[in-house]
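Q: Below: one structure in structure tokens.
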Amino acid sequence: MTNFIKPVIWEGDAIRLLNQQKLPREVEYIFLKTIEDVWNSITELKVRGAPAIGITAAFGLALWAKNSGLNELEILKSELAVKAVYLNSSRPTAVNLSWALQRLLKAAEEEASAAKVIERLETEAILIQQQDEETCKRIGEYGFSLLPDDATVLTHCNTGAIATSKYGTALGAFYIAKEQGSDIHVYATETRPVLQGARLTAWELQQADIAVTLITDNMAAHVLKTKNIDAILVGADRITANGDTANKIGTYGLAILAKAHGIPFYVAAPLSTIDLETATGDDIVIEERHAEEITHIGGKRIAPEDINVFNPAFDVTPHGLISGIVTEKGIVTGDYQTKLKALFEGVTV
Ligand code: MRU
């Protein structure tokens, strides 16, 4: 059995968080005690990956409520709404963040006293994390079902246990492969500029004893052409009603390369990443991050002073390039517009 490392641990009066900025050099846990700690950790990518930031924000809101000292129901509820907006502003692209916060606010609406709201927020946040474990396992099983025996696959960014609560999404399929005795081999792109592939995916898979080969992003076309890649599996930060998918910058390019090489390109994500309120990928807000992520490596400047930099953290893959979207309720192919909506109506695809 795989020994999964937990990225987010609820301590009742604090969040114990795996500091992903320090990996793989150091496995450090930090304690988040205030809502500002939570906001900063999400913004600074100490916790990252769509489901993991949703879980952290949920605990952040529950923690704030617990420490608020508010005992007047209406005041607490209106303050909660303000704090949810604040936490939601920490990163704009992954919809799991607002999904988790909205779920807590909705739960709060069902309670009749401030004390009950505070209690309910905590249990709801715990539930979100627990349900994500089961969700990811299912996604992993469905993802694995798409792969041939002893598959060779390529993935981008980090979609593993540390980006979720356990297993991960795209990486969930590789963990299940390993658990089922299949000899999977994963090519992991380093994922410039923040290096989630090199620092996190390479480390996570190595820890789990899954065969992993690290490549730079610009080697992907060559690897697809020469290494008998069976499929590309990636995660998602937001999937719109028509199936367009925002994911780590570079994903769109990989989807084009997959098509050029006749290789299936799958997106693996929970329903909490599907945003039916947003019609197409053109409507997704793409986060732009600091220039230093590009001009510096390991704290050392590699580009000239005052150079202009464009640093979008995500891109959007049009649904037409996606061979299938793997969810906890099954694999969606073809008419995403109709079938994604059906997922929320209790239909298993
Ligand atoms: O900037 P990051 O590291 O939060 O980006 C993460 C990704 O793009 C992941 O692919 C996505 O969140 C899915 S994680 C299961």
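The way I read the labels, and the way they are meant: chains A, B, ... in the order of the structure tokens, residue 1 as the first residue of every chain, and ligand 1 as the first ligand shown, with later ones counted on from there.
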Could you pull out the residues sitting within 7 Å of ligand 1, using only C-alpha atoms and all ligand atoms, and write them as a PDB file with C-alpha atoms, in the first residue's frame?
A:
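Output (out.pdb):
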```
ATOM      1  CA  LEU A  45       1.998  28.342  -3.266  1.00  0.00           C
ATOM      2  CA  ARG A  48      -1.287  24.484  -4.319  1.00  0.00           C
ATOM      3  CA  GLY A  49      -3.330  22.236  -6.570  1.00  0.00           C
ATOM      4  CA  ALA A  50      -7.030  22.962  -7.023  1.00  0.00           C
ATOM      5  CA  PRO A  51      -8.584  20.532  -4.479  1.00  0.00           C
ATOM      6  CA  ALA A  94      -9.046  27.188  -9.604  1.00  0.00           C
ATOM      7  CA  CYS A 157       2.508  19.914 -13.237  1.00  0.00           C
ATOM      8  CA  ASN A 158       1.555  18.090 -10.024  1.00  0.00           C
ATOM      9  CA  THR A 159      -1.841  16.486  -9.590  1.00  0.00           C
ATOM     10  CA  GLY A 160      -0.912  14.061  -6.843  1.00  0.00           C
ATOM     11  CA  ALA A 163      -2.455  18.592  -4.597  1.00  0.00           C
ATOM     12  CA  THR A 164      -5.560  16.939  -3.126  1.00  0.00           C
ATOM     13  CA  GLY A 168      -4.570  12.904  -6.619  1.00  0.00           C
ATOM     14  CA  THR A 169      -6.373  13.149  -9.948  1.00  0.00           C
ATOM     15  CA  GLN A 196       5.819  21.538  -9.858  1.00  0.00           C
ATOM     16  CA  VAL A 234      -3.314  16.070 -16.715  1.00  0.00           C
ATOM     17  CA  GLY A 235      -5.442  17.725 -14.037  1.00  0.00           C
ATOM     18  CA  ALA A 236      -7.605  20.834 -14.176  1.00  0.00           C
ATOM     19  CA  ASP A 237      -8.221  24.047 -12.286  1.00  0.00           C
ATOM     20  CA  ASN A 247      -4.792  23.940 -16.206  1.00  0.00           C
ATOM     21  CA  LYS A 248      -1.132  24.702 -15.580  1.00  0.00           C
ATOM     22  CA  ALA A 269     -10.723  16.233 -12.215  1.00  0.00           C
ATOM     23  CA  ALA A 313       0.085  30.579 -14.488  1.00  0.00           C
ATOM     24  CA  PHE A 314      -2.533  28.712 -16.529  1.00  0.00           C
TER      25      PHE A 314
END
```
Q: Just the residues within 8 Å of Glu328 in chain A, please, counting only C-alpha atoms, with nothing from its chain fewer than 3 positions along; format it as a PDB file with C-alpha atoms, in the first residue's frame.
A:
```
ATOM      1  CA  THR A 135     -13.419  11.121  -5.056  1.00  0.00           C
ATOM      2  CA  CYS A 136      -9.744  10.966  -5.993  1.00  0.00           C
ATOM      3  CA  LYS A 137      -9.631   7.201  -5.582  1.00  0.00           C
ATOM      4  CA  ARG A 138     -12.561   6.859  -7.990  1.00  0.00           C
ATOM      5  CA  ILE A 139     -10.953   9.230 -10.484  1.00  0.00           C
ATOM      6  CA  TYR A 142     -11.479   5.422 -13.942  1.00  0.00           C
ATOM      7  CA  ALA A 269     -10.723  16.233 -12.215  1.00  0.00           C
ATOM      8  CA  PRO A 270     -13.451  16.078  -9.574  1.00  0.00           C
ATOM      9  CA  LEU A 271     -16.907  17.566 -10.082  1.00  0.00           C
TER      10      LEU A 271
END
```
Q: Please identify all polymer residues within 10 Å of Arg120 in chain A, counting only C-alpha atoms, omitting same-chain residues fewer than 3 positions from it, and present them as number ranges by chain.
A: A: 62, 104, 107-108, 110-111, 114-117, 123-126
Q: Just asking: which residues within range 204-267 of chain A are alpha helix (DSSP H) according to DSSP, as number ranges by chain?
A: A: 204-207, 220-226, 251-261
Q: For the selection you just gave me, I'd like the residues written to a file as a PDB file, in the first residue's frame, keeping N, CA and C atoms.
A:
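File part-v2.pdb, as written:
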```pdb
ATOM      1  N   GLU A 204       7.123  12.941  -5.543  1.00  0.00           N
ATOM      2  CA  GLU A 204       5.993  12.127  -5.073  1.00  0.00           C
ATOM      3  C   GLU A 204       6.032  10.724  -5.652  1.00  0.00           C
ATOM      4  N   LEU A 205       6.271  10.642  -6.977  1.00  0.00           N
ATOM      5  CA  LEU A 205       6.255   9.320  -7.624  1.00  0.00           C
ATOM      6  C   LEU A 205       7.468   8.493  -7.200  1.00  0.00           C
ATOM      7  N   GLN A 206       8.572   9.156  -7.018  1.00  0.00           N
ATOM      8  CA  GLN A 206       9.773   8.443  -6.545  1.00  0.00           C
ATOM      9  C   GLN A 206       9.535   7.857  -5.148  1.00  0.00           C
ATOM     10  N   GLN A 207       8.910   8.651  -4.275  1.00  0.00           N
ATOM     11  CA  GLN A 207       8.565   8.182  -2.920  1.00  0.00           C
ATOM     12  C   GLN A 207       7.672   6.945  -2.985  1.00  0.00           C
ATOM     13  N   ALA A 220       8.889  17.701 -24.704  1.00  0.00           N
ATOM     14  CA  ALA A 220       7.656  16.907 -24.796  1.00  0.00           C
ATOM     15  C   ALA A 220       7.415  16.362 -26.210  1.00  0.00           C
ATOM     16  N   ALA A 221       7.565  17.194 -27.239  1.00  0.00           N
ATOM     17  CA  ALA A 221       7.281  16.733 -28.608  1.00  0.00           C
ATOM     18  C   ALA A 221       8.195  15.565 -28.961  1.00  0.00           C
ATOM     19  N   HIS A 222       9.456  15.699 -28.627  1.00  0.00           N
ATOM     20  CA  HIS A 222      10.429  14.648 -28.935  1.00  0.00           C
ATOM     21  C   HIS A 222      10.079  13.350 -28.192  1.00  0.00           C
ATOM     22  N   VAL A 223       9.672  13.487 -26.945  1.00  0.00           N
ATOM     23  CA  VAL A 223       9.320  12.306 -26.145  1.00  0.00           C
ATOM     24  C   VAL A 223       8.065  11.640 -26.718  1.00  0.00           C
ATOM     25  N   LEU A 224       7.079  12.445 -27.119  1.00  0.00           N
ATOM     26  CA  LEU A 224       5.856  11.860 -27.693  1.00  0.00           C
ATOM     27  C   LEU A 224       6.174  11.112 -28.978  1.00  0.00           C
ATOM     28  N   LYS A 225       7.138  11.629 -29.719  1.00  0.00           N
ATOM     29  CA  LYS A 225       7.489  11.005 -31.006  1.00  0.00           C
ATOM     30  C   LYS A 225       8.319   9.728 -30.829  1.00  0.00           C
ATOM     31  N   THR A 226       9.126   9.687 -29.780  1.00  0.00           N
ATOM     32  CA  THR A 226      10.127   8.606 -29.709  1.00  0.00           C
ATOM     33  C   THR A 226       9.925   7.597 -28.572  1.00  0.00           C
ATOM     34  N   THR A 251      -0.221  23.180 -20.631  1.00  0.00           N
ATOM     35  CA  THR A 251      -1.152  22.075 -20.890  1.00  0.00           C
ATOM     36  C   THR A 251      -1.709  22.149 -22.312  1.00  0.00           C
ATOM     37  N   TYR A 252      -2.079  23.355 -22.727  1.00  0.00           N
ATOM     38  CA  TYR A 252      -2.651  23.556 -24.066  1.00  0.00           C
ATOM     39  C   TYR A 252      -1.664  23.069 -25.143  1.00  0.00           C
ATOM     40  N   GLY A 253      -0.417  23.431 -24.976  1.00  0.00           N
ATOM     41  CA  GLY A 253       0.611  22.994 -25.939  1.00  0.00           C
ATOM     42  C   GLY A 253       0.710  21.475 -25.991  1.00  0.00           C
ATOM     43  N   LEU A 254       0.626  20.847 -24.830  1.00  0.00           N
ATOM     44  CA  LEU A 254       0.708  19.378 -24.785  1.00  0.00           C
ATOM     45  C   LEU A 254      -0.486  18.755 -25.510  1.00  0.00           C
ATOM     46  N   ALA A 255      -1.660  19.383 -25.374  1.00  0.00           N
ATOM     47  CA  ALA A 255      -2.863  18.850 -26.041  1.00  0.00           C
ATOM     48  C   ALA A 255      -2.702  18.923 -27.562  1.00  0.00           C
ATOM     49  N   ILE A 256      -2.117  20.013 -28.030  1.00  0.00           N
ATOM     50  CA  ILE A 256      -1.868  20.140 -29.484  1.00  0.00           C
ATOM     51  C   ILE A 256      -0.861  19.082 -29.931  1.00  0.00           C
ATOM     52  N   LEU A 257       0.175  18.895 -29.148  1.00  0.00           N
ATOM     53  CA  LEU A 257       1.191  17.884 -29.481  1.00  0.00           C
ATOM     54  C   LEU A 257       0.573  16.482 -29.483  1.00  0.00           C
ATOM     55  N   ALA A 258      -0.312  16.222 -28.526  1.00  0.00           N
ATOM     56  CA  ALA A 258      -0.953  14.899 -28.450  1.00  0.00           C
ATOM     57  C   ALA A 258      -1.743  14.653 -29.734  1.00  0.00           C
ATOM     58  N   LYS A 259      -2.477  15.662 -30.168  1.00  0.00           N
ATOM     59  CA  LYS A 259      -3.278  15.508 -31.389  1.00  0.00           C
ATOM     60  C   LYS A 259      -2.366  15.251 -32.591  1.00  0.00           C
ATOM     61  N   ALA A 260      -1.284  16.000 -32.650  1.00  0.00           N
ATOM     62  CA  ALA A 260      -0.352  15.848 -33.783  1.00  0.00           C
ATOM     63  C   ALA A 260       0.242  14.444 -33.837  1.00  0.00           C
ATOM     64  N   HIS A 261       0.343  13.798 -32.682  1.00  0.00           N
ATOM     65  CA  HIS A 261       0.953  12.463 -32.626  1.00  0.00           C
ATOM     66  C   HIS A 261      -0.080  11.347 -32.484  1.00  0.00           C
TER      67      HIS A 261
END
```
Q: For a quick check of understanding, using only C-alpha atoms, which of A:Thr278, A:Met219, A:Ala161, A:Glu179 has the smallest distance to Asp132 in chain A?
A: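 Closest to Asp132 in chain A of all the choices is A:Ala161.
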Q: My list of candidates is A:Gly243, A:Pro312, A:Gly330, A:Pro148. Which is closest to Thr280 in chain A when distances are computed with only C-alpha atoms?
A: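 Smallest distance to Thr280 in chain A is found for A:Gly243.
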Q: What does the structure give for the distance between CA of Ser68 in chain A and CA of Ala84 in chain A, in Å to one decimal?
A: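 One can read the CA of Ser68 in chain A to CA of Ala84 in chain A distance as 13.9 Å.
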Q: Can you tell me, as number ranges by chain, what residues are no more than 7 Å from Val95 in chain A when counting only C-alpha atoms, ignoring any on the same chain fewer than 2 positions away?
A: A: 93, 97-99, 237-238, 273, 275
Q: Could the residues in this selection be written to a file with N, CA and C atoms, as a CSV table (one decimal), in the first residue's frame?
A:
```csv
chain,number,residue,atom,x,y,z
A,93,THR,N,-8.0,31.3,-10.4
A,93,THR,CA,-8.3,30.4,-11.5
A,93,THR,C,-9.0,29.1,-11.1
A,97,LEU,N,-11.7,26.6,-5.0
A,97,LEU,CA,-11.5,27.5,-3.9
A,97,LEU,C,-12.9,28.1,-3.6
A,98,SER,N,-13.6,28.7,-4.6
A,98,SER,CA,-14.9,29.3,-4.4
A,98,SER,C,-15.9,28.2,-4.1
A,99,TRP,N,-15.8,27.0,-4.7
A,99,TRP,CA,-16.7,25.9,-4.5
A,99,TRP,C,-16.7,25.5,-3.0
A,237,ASP,N,-7.9,23.0,-13.3
A,237,ASP,CA,-8.2,24.0,-12.3
A,237,ASP,C,-9.6,24.6,-12.4
A,238,ARG,N,-10.1,24.5,-13.7
A,238,ARG,CA,-11.5,24.9,-13.9
A,238,ARG,C,-11.9,24.3,-15.3
A,273,THR,N,-14.4,20.8,-9.7
A,273,THR,CA,-13.5,21.6,-10.6
A,273,THR,C,-14.4,22.0,-11.8
A,275,ASP,N,-17.2,24.0,-13.6
A,275,ASP,CA,-17.9,25.2,-13.4
A,275,ASP,C,-18.9,25.5,-14.5
```
Q: Can you list, as a list in words, every protein, DNA or RNA residue that comes within 9 Å of His185 in chain A when you count only C-alpha atoms, leaving out same-chain residues fewer than 6 positions away?
A: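 Listed by chain and then number, they are Asp150, Ala151, Thr152, Val153, Leu154, Phe174, Ile210, Ala211, Val212 and Thr213 of chain A.
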